[in-house]
2 protein chains.
Amino acid sequence: MTAEKCVLVGQSGGPTAAINASLAGAIAAARSQGVRVTGMRYGIQGFLAGRTVDLDEKVPDARSLSLLKQTPASWLGSCRFKLPKATENEALYQDLFRRFEEVGASCVLYIGGNDSMDTIAKLGDYGQSVGSEIRFMGIPKTIDNDLVGTDHTPGYGSAARLVATSMAELALDADVYDLKSVTFVEIMGRDAGWLAASSALARPDLVLLPEVPLVEDVLMERLTQLLEQKNTVMVGVSEGVRTPDGTLYCELAAPGAGVDEFGHLATLSGTGRYLASVTKERLGCKTRAVELSTLQRCASQVVSRTDLDEAYMIGGTSARAALDGESVKMCALQRIADDPYEVRTKLIDVLSVANQVRHVPAEWISEDGMGVTEDFLRYVRPLVGDMPEQLPPLP
Amino acid sequence: MTAEKCVLVGQSGGPTAAINASLAGAIAAARSQGVRVTGMRYGIQGFLAGRTVDLDEKVPDARSLSLLKQTPASWLGSCRFKLPKATENEALYQDLFRRFEEVGASCVLYIGGNDSMDTIAKLGDYGQSVGSEIRFMGIPKTIDNDLVGTDHTPGYGSAARLVATSMAELALDADVYDLKSVTFVEIMGRDAGWLAASSALARPDLVLLPEVPLVEDVLMERLTQLLEQKNTVMVGVSEGVRTPDGTLYCELAAPGAGVDEFGHLATLSGTGRYLASVTKERLGCKTRAVELSTLQRCASQVVSRTDLDEAYMIGGTSARAALDGESVKMCALQRIADDPYEVRTKLIDVLSVANQVRHVPAEWISEDGMGVTEDFLRYVRPLVGDMPEQLPPLP
């Protein structure tokens with residue numbers, strides 16, 4: 001009683017503005033080859049509980065595909081499920097592969113970050129060991145832009161657009177009164193500062209990244225200098241910024257926060273609030289902390305068109321590659337040129353991506369460690385698109 | 001040495017996405033009558049310090065007017081300056097009127113909320129008492145939508161659009177995992193719940209307004225019921241929500257916050273964080289607090305086109321009315337129809353607006369006090385514009 005063959009697709013990890021665009025691209029590509037598409041509800045975890053979605057029924061036409069492409073967050077539902085090694089729990093793998101057979105999966109596509117690439121690598125490995133013909137393909141997605149082997153990740157450009165344009169708007173807002181103030185804009189990014197760095201498109205005064213340990217005294221000195229020169233100081237700060245001894249500033253803000261099952265701190269917010277409160281106390285000026293919050297990963301109006309289009313393309317390329325027999329690969333982006341911007345897709349070994357973190361390279365961080373270089377701006381600009389045009393501020 | 005006659009225009013109070021559209025409208029209207037336009041830098045306070053801007057030089061053409069219209073926050077700079085009564089400080093009024101004469105102001109336009117209407121009323125009153133021919137006109141602006149005598153205020157529609165679309169996006173984001181969660185989205189609005197109410201366009205489960213005292217136990221009971229029926233509970237909560245004894249919830253979150261010179265609490269944030277922490281403790285589910293922050297009043301990409309157009313129109317109408325001899329008036333909006341939406345402007349006495357607060361009327365609040373009625377949605381919908389279209393969530 002084998003089911004008709006299908007492409008099985010799941011979404012994992014945190015949502016993005018573009019993850020559904022990749023899903024839409026995969027559905028369209030499979031459909032164009034006459035192959036059914038089934039979705040995992042809530043990722044591998046929901047799939048293990050028998051929860052699937054018939055995507056030919058739920059996303060039946062061009063109109064619904066087009067709406068799916070522009071719908072933010074993980075439409076299929078997601079999970080944070082760390083697949084154990086097959087040697088640790090073979091029964092789980094047997095269960096999974098039995099379910100793959102039941103739904104008729106010839107290809108399994110998993111849209112996610114480096115944890116998801118680890119899942120794909122493990123499934124591919126186990127499949128090979130038991131002689132399964134199912135192909136496994138990773139589709140990259142993360143606002144953090146921290147996957148190795150790809151120029152950037154789908155989801156990053158839209159999140160970066162939200163960050164950069166919000167920074168520009170908040171700078172205008174902060175500057176309306178004739179007084180000294182420092183505004184800290186807290187930006188997502190646990191370990192890698194790509195998203196915080198994107199705020200530099202709005203030319204804030206400082207950008208603080210997790211890649212560079214932050215000495216409180218040095219920051220205060222720099223802010224003092226800046227406040228001597230101008231009224232309004234803007235700081236983009238990553239939620240993952242640490243002290244030189246490795247303590248997260250947000251832990252200073254909220255001591256004793258829990259860790260999740262990946263060993264990640266469950267919540268990282270509070271860095272901006274902490275720094276604003278220290279600045280107010282030590283420098284005596286007005287301060288404000290703004291958390292851009294989860295809107296960074298689910299905005300639907302402030303998105304990068306380039307990001308959505310690339311996410312859709314990568315979804316399609318991945319589905320076609322899997323149907324053509326490729327397995328244990330991830331579809332990466334290779335940049336051909338900055339301006340006019342041009343990229344192409346390439347398949348890379350998913351093992352080279354799994355469990356790795358790509359940091360903002362040192363050569364793209366300014367010498368004082370509190371900003372980024374013009375090279376970084378050239379890198380990020382085409383991913384974000386044109387900034388909104390405004391009348392220049394009065395002197 | 002009287003200067004050539006001009007229209008003098010200032011901005012006051014908190015910024016909005018549309019306040020510069022009103023400025024642009026006023027400039028265009030004055031210019032079309034061949035009258036010079038001068039700006040106050042940082043409102044009345046900056047003007048008293050001699051700070052003016054030649055707007056014919058700084059905003060010289062159609063292109064810069066068009067950019068000004070779409071630039072958020074107060075381009076001229078703003079202030080929070082409570083004009084004392086003339087009987088308390090006549091020297092200040094003499095100084096102001098001397099400066100009005102110096103710049104050649106035949107009309108003074110002041111774009112702001114109810115404090116600014118108070119300023120216009122006092123200036124008009126004093127002007128009359130000394131036989132001045134200067135006309136004073138208030139141009140409404142506030143994201144709070146709490147001015148009496150007008151259907152709504154410029155700035156509200158754009159802020160409401162940011163709130164409603166963010167609520168929709170955050171609901172999608174909150175729903176991606178298969179677990180019980182309550183998300184509190186904290187929305188600006190010190191005394192009036194208009195902005196929090198606008199979140200209802202995204203159909204959250206509860207909307208908590210400052211107009212209705214909130215009993216913690218009643219909220220917990222309601223949340224418990226909701227969590228029995230569904231995974232993801234969304235709550236839009238005004239920063240101004242109070243306990244039945246009149247304590248602001250944000251004061252429970254951050255006891256001892258200061259008050260500003262208007263007697264307003266300097267910062268109201270923390271209501272969402274407080275309620276999320278109580279909910280987590282009492283109901284044991286995952287909770288999240290999101291502050292929409294000052295982005296509500298300075299967004300530039302998520303704006304209501306209707307709002308910007310109306311703000312521009314009101315700026316122009318106000319300038320023309322002042323040039324025609326009207327004084328001590330505010331240009332209000334009168335709604336003709338909801339659908340198709342139609343409004344017209346009318347001049348009302350600025351004294352009827354000054355220092356008053358318009359609350360969300362009881363008949364637009366649902367019986368349980370935790371939501372709004374369909375009548376309110378019909379009211380707010382045309383001000384916000386169409387919500388972004390998305391693929392409906394999976395069951």
# chains A, B, ... in the order shown; residues from 1 in each chain; ligands from 1
>>> residues_around(residues="region 204-215 of chain A", least_positions_apart="5", cutoff="10 Å", atoms="only C-alpha atoms", output="PDB file with N, CA and C atoms, in the first residue's frame")
ATOM      1  N   ALA A 164      17.171  48.156   9.061  1.00  0.00           N
ATOM      2  CA  ALA A 164      17.793  49.385   8.537  1.00  0.00           C
ATOM      3  C   ALA A 164      16.780  50.524   8.422  1.00  0.00           C
ATOM      4  N   MET A 167      15.811  51.723  11.900  1.00  0.00           N
ATOM      5  CA  MET A 167      16.883  52.550  12.463  1.00  0.00           C
ATOM      6  C   MET A 167      16.797  53.971  11.902  1.00  0.00           C
ATOM      7  N   ALA A 168      16.560  54.094  10.605  1.00  0.00           N
ATOM      8  CA  ALA A 168      16.454  55.422   9.993  1.00  0.00           C
ATOM      9  C   ALA A 168      15.265  56.191  10.570  1.00  0.00           C
ATOM     10  N   ALA A 171      15.880  57.211  14.197  1.00  0.00           N
ATOM     11  CA  ALA A 171      16.835  58.327  14.278  1.00  0.00           C
ATOM     12  C   ALA A 171      16.113  59.658  14.069  1.00  0.00           C
ATOM     13  N   VAL A 182      20.694  59.454  23.811  1.00  0.00           N
ATOM     14  CA  VAL A 182      21.292  58.261  23.215  1.00  0.00           C
ATOM     15  C   VAL A 182      20.197  57.211  23.093  1.00  0.00           C
ATOM     16  N   THR A 183      20.007  56.687  21.886  1.00  0.00           N
ATOM     17  CA  THR A 183      19.007  55.651  21.649  1.00  0.00           C
ATOM     18  C   THR A 183      19.703  54.332  21.297  1.00  0.00           C
ATOM     19  N   PHE A 184      19.389  53.292  22.036  1.00  0.00           N
ATOM     20  CA  PHE A 184      19.901  51.952  21.739  1.00  0.00           C
ATOM     21  C   PHE A 184      18.801  51.146  21.045  1.00  0.00           C
ATOM     22  N   VAL A 185      19.087  50.699  19.846  1.00  0.00           N
ATOM     23  CA  VAL A 185      18.128  49.891  19.100  1.00  0.00           C
ATOM     24  C   VAL A 185      18.622  48.449  19.144  1.00  0.00           C
ATOM     25  N   GLU A 186      17.872  47.612  19.836  1.00  0.00           N
ATOM     26  CA  GLU A 186      18.309  46.226  20.050  1.00  0.00           C
ATOM     27  C   GLU A 186      17.845  45.329  18.914  1.00  0.00           C
ATOM     28  N   ILE A 187      18.799  44.589  18.361  1.00  0.00           N
ATOM     29  CA  ILE A 187      18.575  43.850  17.121  1.00  0.00           C
ATOM     30  C   ILE A 187      18.889  42.380  17.344  1.00  0.00           C
ATOM     31  N   GLY A 189      20.096  38.449  16.887  1.00  0.00           N
ATOM     32  CA  GLY A 189      21.351  37.858  16.442  1.00  0.00           C
ATOM     33  C   GLY A 189      22.119  37.327  17.633  1.00  0.00           C
ATOM     34  N   ARG A 190      21.963  36.038  17.860  1.00  0.00           N
ATOM     35  CA  ARG A 190      22.505  35.418  19.061  1.00  0.00           C
ATOM     36  C   ARG A 190      24.024  35.443  19.038  1.00  0.00           C
ATOM     37  N   ASP A 191      24.588  34.921  17.957  1.00  0.00           N
ATOM     38  CA  ASP A 191      26.041  34.738  17.899  1.00  0.00           C
ATOM     39  C   ASP A 191      26.692  35.559  16.797  1.00  0.00           C
ATOM     40  N   ALA A 192      25.935  35.827  15.750  1.00  0.00           N
ATOM     41  CA  ALA A 192      26.501  36.528  14.599  1.00  0.00           C
ATOM     42  C   ALA A 192      25.816  37.881  14.458  1.00  0.00           C
ATOM     43  N   GLY A 193      26.585  38.877  14.078  1.00  0.00           N
ATOM     44  CA  GLY A 193      26.078  40.249  14.072  1.00  0.00           C
ATOM     45  C   GLY A 193      25.570  40.751  12.735  1.00  0.00           C
ATOM     46  N   TRP A 194      25.295  39.840  11.800  1.00  0.00           N
ATOM     47  CA  TRP A 194      24.887  40.275  10.457  1.00  0.00           C
ATOM     48  C   TRP A 194      23.691  41.206  10.490  1.00  0.00           C
ATOM     49  N   LEU A 195      22.708  40.862  11.300  1.00  0.00           N
ATOM     50  CA  LEU A 195      21.482  41.659  11.300  1.00  0.00           C
ATOM     51  C   LEU A 195      21.718  43.018  11.964  1.00  0.00           C
ATOM     52  N   ALA A 196      22.428  43.010  13.097  1.00  0.00           N
ATOM     53  CA  ALA A 196      22.767  44.289  13.741  1.00  0.00           C
ATOM     54  C   ALA A 196      23.584  45.150  12.773  1.00  0.00           C
ATOM     55  N   ALA A 197      24.509  44.505  12.051  1.00  0.00           N
ATOM     56  CA  ALA A 197      25.353  45.245  11.108  1.00  0.00           C
ATOM     57  C   ALA A 197      24.527  45.921  10.020  1.00  0.00           C
ATOM     58  N   SER A 198      23.404  45.312   9.643  1.00  0.00           N
ATOM     59  CA  SER A 198      22.596  45.890   8.566  1.00  0.00           C
ATOM     60  C   SER A 198      22.023  47.249   8.965  1.00  0.00           C
ATOM     61  N   SER A 199      21.928  47.502  10.266  1.00  0.00           N
ATOM     62  CA  SER A 199      21.435  48.818  10.706  1.00  0.00           C
ATOM     63  C   SER A 199      22.345  49.934  10.216  1.00  0.00           C
ATOM     64  N   MET A 220      31.253  54.151  27.058  1.00  0.00           N
ATOM     65  CA  MET A 220      30.879  55.418  27.709  1.00  0.00           C
ATOM     66  C   MET A 220      31.761  56.575  27.217  1.00  0.00           C
ATOM     67  N   ARG A 222      33.249  56.748  24.297  1.00  0.00           N
ATOM     68  CA  ARG A 222      32.876  57.042  22.917  1.00  0.00           C
ATOM     69  C   ARG A 222      31.577  57.837  22.875  1.00  0.00           C
ATOM     70  N   LEU A 223      30.611  57.469  23.702  1.00  0.00           N
ATOM     71  CA  LEU A 223      29.331  58.183  23.734  1.00  0.00           C
ATOM     72  C   LEU A 223      29.535  59.621  24.205  1.00  0.00           C
ATOM     73  N   LEU A 226      30.805  61.595  21.338  1.00  0.00           N
ATOM     74  CA  LEU A 226      29.742  61.827  20.355  1.00  0.00           C
ATOM     75  C   LEU A 226      28.770  62.897  20.842  1.00  0.00           C
ATOM     76  N   THR A 232      21.919  63.959  19.026  1.00  0.00           N
ATOM     77  CA  THR A 232      21.220  62.680  18.991  1.00  0.00           C
ATOM     78  C   THR A 232      22.186  61.570  18.589  1.00  0.00           C
ATOM     79  N   VAL A 233      22.423  60.650  19.500  1.00  0.00           N
ATOM     80  CA  VAL A 233      23.333  59.547  19.213  1.00  0.00           C
ATOM     81  C   VAL A 233      22.519  58.262  19.064  1.00  0.00           C
ATOM     82  N   MET A 234      22.744  57.572  17.952  1.00  0.00           N
ATOM     83  CA  MET A 234      22.017  56.335  17.672  1.00  0.00           C
ATOM     84  C   MET A 234      22.997  55.153  17.718  1.00  0.00           C
ATOM     85  N   VAL A 235      22.577  54.097  18.415  1.00  0.00           N
ATOM     86  CA  VAL A 235      23.416  52.912  18.546  1.00  0.00           C
ATOM     87  C   VAL A 235      22.600  51.686  18.152  1.00  0.00           C
ATOM     88  N   GLY A 236      23.083  50.936  17.170  1.00  0.00           N
ATOM     89  CA  GLY A 236      22.495  49.640  16.848  1.00  0.00           C
ATOM     90  C   GLY A 236      23.235  48.589  17.653  1.00  0.00           C
ATOM     91  N   VAL A 237      22.509  47.814  18.452  1.00  0.00           N
ATOM     92  CA  VAL A 237      23.201  46.864  19.322  1.00  0.00           C
ATOM     93  C   VAL A 237      22.596  45.472  19.182  1.00  0.00           C
ATOM     94  N   SER A 238      23.448  44.521  18.939  1.00  0.00           N
ATOM     95  CA  SER A 238      22.996  43.137  18.837  1.00  0.00           C
ATOM     96  C   SER A 238      22.609  42.608  20.205  1.00  0.00           C
ATOM     97  N   GLU A 239      21.558  41.808  20.262  1.00  0.00           N
ATOM     98  CA  GLU A 239      21.140  41.185  21.526  1.00  0.00           C
ATOM     99  C   GLU A 239      22.220  40.254  22.073  1.00  0.00           C
ATOM    100  N   GLY A 240      23.201  39.892  21.204  1.00  0.00           N
ATOM    101  CA  GLY A 240      24.203  38.914  21.613  1.00  0.00           C
ATOM    102  C   GLY A 240      25.537  39.526  22.053  1.00  0.00           C
ATOM    103  N   VAL A 241      25.547  40.834  22.283  1.00  0.00           N
ATOM    104  CA  VAL A 241      26.804  41.495  22.686  1.00  0.00           C
ATOM    105  C   VAL A 241      27.236  41.024  24.076  1.00  0.00           C
ATOM    106  N   ARG A 242      28.552  40.783  24.195  1.00  0.00           N
ATOM    107  CA  ARG A 242      29.087  40.247  25.450  1.00  0.00           C
ATOM    108  C   ARG A 242      30.171  41.137  26.042  1.00  0.00           C
ATOM    109  N   THR A 243      30.384  40.976  27.326  1.00  0.00           N
ATOM    110  CA  THR A 243      31.511  41.617  27.998  1.00  0.00           C
ATOM    111  C   THR A 243      32.789  40.855  27.628  1.00  0.00           C
ATOM    112  N   PRO A 244      33.974  41.444  27.900  1.00  0.00           N
ATOM    113  CA  PRO A 244      35.214  40.740  27.572  1.00  0.00           C
ATOM    114  C   PRO A 244      35.328  39.374  28.270  1.00  0.00           C
ATOM    115  N   ASP A 245      34.676  39.189  29.403  1.00  0.00           N
ATOM    116  CA  ASP A 245      34.743  37.866  30.037  1.00  0.00           C
ATOM    117  C   ASP A 245      33.661  36.914  29.525  1.00  0.00           C
ATOM    118  N   GLY A 246      32.949  37.341  28.483  1.00  0.00           N
ATOM    119  CA  GLY A 246      32.024  36.426  27.821  1.00  0.00           C
ATOM    120  C   GLY A 246      30.601  36.454  28.342  1.00  0.00           C
ATOM    121  N   THR A 247      30.314  37.318  29.305  1.00  0.00           N
ATOM    122  CA  THR A 247      28.943  37.430  29.821  1.00  0.00           C
ATOM    123  C   THR A 247      28.085  38.233  28.846  1.00  0.00           C
ATOM    124  N   LEU A 248      26.914  37.718  28.560  1.00  0.00           N
ATOM    125  CA  LEU A 248      25.982  38.485  27.729  1.00  0.00           C
ATOM    126  C   LEU A 248      25.481  39.691  28.517  1.00  0.00           C
ATOM    127  N   TYR A 249      25.428  40.848  27.862  1.00  0.00           N
ATOM    128  CA  TYR A 249      24.884  42.022  28.548  1.00  0.00           C
ATOM    129  C   TYR A 249      23.427  41.802  28.958  1.00  0.00           C
ATOM    130  N   HIS A 359      30.424  34.076  11.110  1.00  0.00           N
ATOM    131  CA  HIS A 359      30.413  35.382  11.768  1.00  0.00           C
ATOM    132  C   HIS A 359      30.677  36.492  10.752  1.00  0.00           C
ATOM    133  N   VAL A 360      30.377  37.718  11.150  1.00  0.00           N
ATOM    134  CA  VAL A 360      30.782  38.872  10.344  1.00  0.00           C
ATOM    135  C   VAL A 360      32.314  38.888  10.348  1.00  0.00           C
ATOM    136  N   PRO A 361      32.931  38.849   9.158  1.00  0.00           N
ATOM    137  CA  PRO A 361      34.396  38.766   9.137  1.00  0.00           C
ATOM    138  C   PRO A 361      35.058  40.032   9.702  1.00  0.00           C
ATOM    139  N   ALA A 362      36.199  39.832  10.323  1.00  0.00           N
ATOM    140  CA  ALA A 362      36.906  40.938  10.995  1.00  0.00           C
ATOM    141  C   ALA A 362      37.166  42.091  10.030  1.00  0.00           C
ATOM    142  N   ILE A 365      34.572  44.762   9.900  1.00  0.00           N
ATOM    143  CA  ILE A 365      34.276  45.493  11.141  1.00  0.00           C
ATOM    144  C   ILE A 365      35.275  46.643  11.251  1.00  0.00           C
ATOM    145  N   SER A 366      34.805  47.819  11.617  1.00  0.00           N
ATOM    146  CA  SER A 366      35.694  48.981  11.657  1.00  0.00           C
ATOM    147  C   SER A 366      36.745  48.803  12.751  1.00  0.00           C
ATOM    148  N   ASP A 368      37.734  50.432  15.337  1.00  0.00           N
ATOM    149  CA  ASP A 368      37.389  50.604  16.758  1.00  0.00           C
ATOM    150  C   ASP A 368      36.406  49.542  17.247  1.00  0.00           C
ATOM    151  N   GLY A 369      35.983  48.658  16.335  1.00  0.00           N
ATOM    152  CA  GLY A 369      35.076  47.576  16.734  1.00  0.00           C
ATOM    153  C   GLY A 369      33.647  48.021  16.968  1.00  0.00           C
ATOM    154  N   MET A 370      33.332  49.269  16.636  1.00  0.00           N
ATOM    155  CA  MET A 370      31.974  49.770  16.897  1.00  0.00           C
ATOM    156  C   MET A 370      31.278  50.229  15.627  1.00  0.00           C
ATOM    157  N   GLY A 371      31.607  49.570  14.533  1.00  0.00           N
ATOM    158  CA  GLY A 371      30.966  49.928  13.279  1.00  0.00           C
ATOM    159  C   GLY A 371      31.361  48.925  12.210  1.00  0.00           C
ATOM    160  N   VAL A 372      30.880  49.159  10.987  1.00  0.00           N
ATOM    161  CA  VAL A 372      31.220  48.280   9.876  1.00  0.00           C
ATOM    162  C   VAL A 372      31.866  49.095   8.763  1.00  0.00           C
TER     163      VAL A 372
END
>>> residues_around(residues="Thr165 (chain B)", least_positions_apart="2", cutoff="8 Å", atoms="only C-alpha atoms", output="list in words")
Arg161, Leu162, Val163, Met167, Ala168, Glu169, Ser199, Ala202, Met387 and Pro388 of chain B
>>> closest_residue(among="B:Leu109, B:Leu292, B:Leu83, B:Ile19", to="chain A", atoms="only C-alpha atoms")
B:Leu292
>>> residues_around(residues="Met313 (chain A)", least_positions_apart="4", cutoff="7 Å", atoms="only C-alpha atoms", output="list in words")
Gly25, Asp309 and Thr317 of chain A
>>> write_last_selection(atoms="C-alpha atoms", output="mmCIF file, in the first residue's frame")
data_model
loop_
_atom_site.group_PDB
_atom_site.id
_atom_site.type_symbol
_atom_site.label_atom_id
_atom_site.label_comp_id
_atom_site.auth_asym_id
_atom_site.auth_seq_id
_atom_site.Cartn_x
_atom_site.Cartn_y
_atom_site.Cartn_z
ATOM 1 C CA GLY A 25 8.815 27.891 -4.875
ATOM 2 C CA ASP A 309 12.330 36.331 -5.041
ATOM 3 C CA THR A 317 15.864 24.874 -7.399
#
>>> closest_atom_pairs(of="chain B", to="chain A", cutoff="7 Å", atoms="only C-alpha atoms", output="Markdown table")
| residue | atom | partner | partner_atom | distance |
| --- | --- | --- | --- | --- |
| B:Pro15 | CA | A:Asp173 | CA | 6.6 |
| B:Tyr42 | CA | A:Tyr177 | CA | 6.4 |
| B:Ser64 | CA | A:Leu391 | CA | 6.5 |
| B:Leu67 | CA | A:Leu391 | CA | 5.2 |
| B:Leu68 | CA | A:Leu391 | CA | 5.4 |
| B:Gln70 | CA | A:Gln390 | CA | 6.7 |
| B:Thr71 | CA | A:Gln390 | CA | 5.1 |
| B:Pro72 | CA | A:Glu169 | CA | 7.0 |
| B:Ala73 | CA | A:Asp173 | CA | 5.2 |
| B:Ser74 | CA | A:Val176 | CA | 5.8 |
| B:Trp75 | CA | A:Pro393 | CA | 6.7 |
| B:Gly77 | CA | A:Val176 | CA | 4.3 |
| B:Ser78 | CA | A:Val176 | CA | 5.3 |
| B:Cys79 | CA | A:Tyr177 | CA | 5.7 |
| B:Glu169 | CA | A:Cys298 | CA | 5.7 |
| B:Leu170 | CA | A:Leu295 | CA | 6.6 |
| B:Leu172 | CA | A:Ala73 | CA | 5.9 |
| B:Asp173 | CA | A:Ala73 | CA | 5.2 |
| B:Val176 | CA | A:Gly77 | CA | 4.3 |
| B:Tyr177 | CA | A:Ser78 | CA | 5.3 |
| B:Asp178 | CA | A:Tyr42 | CA | 6.6 |
| B:Val290 | CA | A:Ser293 | CA | 6.4 |
| B:Ser293 | CA | A:Val290 | CA | 6.4 |
| B:Leu295 | CA | A:Leu170 | CA | 6.6 |
| B:Cys298 | CA | A:Glu169 | CA | 5.7 |
| B:Ala299 | CA | A:Glu169 | CA | 6.1 |
| B:Ser300 | CA | A:Glu169 | CA | 6.9 |
| B:Gln301 | CA | A:Val302 | CA | 6.8 |
| B:Val302 | CA | A:Gln301 | CA | 6.8 |
| B:Glu389 | CA | A:Leu67 | CA | 7.0 |
| B:Gln390 | CA | A:Thr71 | CA | 5.1 |
| B:Leu391 | CA | A:Leu67 | CA | 5.2 |
| B:Pro393 | CA | A:Trp75 | CA | 6.7 |
>>> atom_distance(atom1="CA of Ile120 (chain B)", atom2="CA of Ala29 (chain B)")
20.2 Å
>>> closest_residue(among="B:Gly272, B:Arg282, B:Ile134, B:Thr373", to="Glu221 (chain B)", atoms="only C-alpha atoms")
B:Arg282
>>> atom_distance(atom1="CA of Asp217 (chain B)", atom2="CA of Glu281 (chain B)")
12.9 Å
>>> residues_around(residues="His152 (chain B)", least_positions_apart="6", cutoff="8 Å", atoms="only C-alpha atoms", output="PyMOL selection string")
chain B and resi 145-146+333
>>> write_last_selection(atoms="C-alpha atoms", output="PDB file, in the first residue's frame")
ATOM      1  CA  ASN B 145      -6.643  60.380  18.125  1.00  0.00           C
ATOM      2  CA  ASP B 146      -7.846  61.972  21.348  1.00  0.00           C
ATOM      3  CA  LEU B 333     -12.376  66.444   9.833  1.00  0.00           C
TER       4      LEU B 333
END
>>> select_by_dssp(residues="region 192-362 of chain A", states="alpha helix (DSSP H)", output="PyMOL selection string")
chain A and resi 194-198+216-229+249-253+271-283+295-298+305-323
>>> closest_residue(among="A:Leu96, A:Val218, A:Gly113, A:Gln225", to="Gly50 (chain A)", atoms="only C-alpha atoms")
A:Leu96
>>> select_by_dssp(residues="region 255-386 of chain A", states="strand (DSSP E)", output="ChimeraX atom specification")
/A:286-291,329-338,341-349
>>> residues_around(residues="Leu8 (chain B)", least_positions_apart="4", cutoff="9 Å", atoms="only C-alpha atoms", output="JSON, numbers by chain")
{"B": [36, 37, 38, 39, 40, 100, 103, 104, 105, 106, 107, 108, 109, 110]}
>>> write_last_selection(atoms="N, CA and C atoms", output="mmCIF file, in the first residue's frame")
data_model
loop_
_atom_site.group_PDB
_atom_site.id
_atom_site.type_symbol
_atom_site.label_atom_id
_atom_site.label_comp_id
_atom_site.auth_asym_id
_atom_site.auth_seq_id
_atom_site.Cartn_x
_atom_site.Cartn_y
_atom_site.Cartn_z
ATOM 1 N N ARG B 36 5.470 84.121 1.749
ATOM 2 C CA ARG B 36 6.637 83.420 2.286
ATOM 3 C C ARG B 36 6.243 82.514 3.444
ATOM 4 N N VAL B 37 7.047 81.468 3.680
ATOM 5 C CA VAL B 37 6.785 80.581 4.817
ATOM 6 C C VAL B 37 8.058 80.441 5.646
ATOM 7 N N THR B 38 7.905 80.679 6.945
ATOM 8 C CA THR B 38 9.023 80.556 7.879
ATOM 9 C C THR B 38 8.680 79.462 8.885
ATOM 10 N N GLY B 39 9.666 78.666 9.248
ATOM 11 C CA GLY B 39 9.427 77.602 10.225
ATOM 12 C C GLY B 39 10.031 77.957 11.574
ATOM 13 N N MET B 40 9.370 77.514 12.631
ATOM 14 C CA MET B 40 9.981 77.590 13.970
ATOM 15 C C MET B 40 10.826 76.320 14.127
ATOM 16 N N PHE B 100 7.233 87.662 16.607
ATOM 17 C CA PHE B 100 6.282 87.471 15.496
ATOM 18 C C PHE B 100 6.403 88.649 14.519
ATOM 19 N N VAL B 103 9.726 88.627 12.407
ATOM 20 C CA VAL B 103 9.777 87.719 11.238
ATOM 21 C C VAL B 103 8.669 88.046 10.243
ATOM 22 N N GLY B 104 7.794 88.983 10.595
ATOM 23 C CA GLY B 104 6.743 89.396 9.668
ATOM 24 C C GLY B 104 5.556 88.450 9.622
ATOM 25 N N ALA B 105 5.320 87.730 10.731
ATOM 26 C CA ALA B 105 4.253 86.723 10.709
ATOM 27 C C ALA B 105 2.878 87.377 10.638
ATOM 28 N N SER B 106 2.137 87.089 9.554
ATOM 29 C CA SER B 106 0.744 87.517 9.511
ATOM 30 C C SER B 106 -0.151 86.391 10.043
ATOM 31 N N CYS B 107 0.342 85.158 9.922
ATOM 32 C CA CYS B 107 -0.392 83.998 10.429
ATOM 33 C C CYS B 107 0.594 83.090 11.154
ATOM 34 N N VAL B 108 0.153 82.537 12.267
ATOM 35 C CA VAL B 108 0.960 81.544 12.990
ATOM 36 C C VAL B 108 0.188 80.231 12.997
ATOM 37 N N LEU B 109 0.794 79.204 12.396
ATOM 38 C CA LEU B 109 0.165 77.875 12.368
ATOM 39 C C LEU B 109 0.943 76.966 13.314
ATOM 40 N N TYR B 110 0.211 76.238 14.164
ATOM 41 C CA TYR B 110 0.906 75.377 15.116
ATOM 42 C C TYR B 110 0.326 73.973 14.994
#
>>> closest_residue(among="B:Lys85, B:Arg378, B:Lys180, B:Arg51", to="Gly10 (chain B)", atoms="only C-alpha atoms")
B:Arg51
>>> atom_distance(atom1="CA of Thr142 (chain B)", atom2="CA of Ile27 (chain B)")
19.9 Å
>>> closest_residue(among="B:Gln229, B:Ser158, B:Thr150, B:Ser22", to="Arg344 (chain B)", atoms="only C-alpha atoms")
B:Thr150
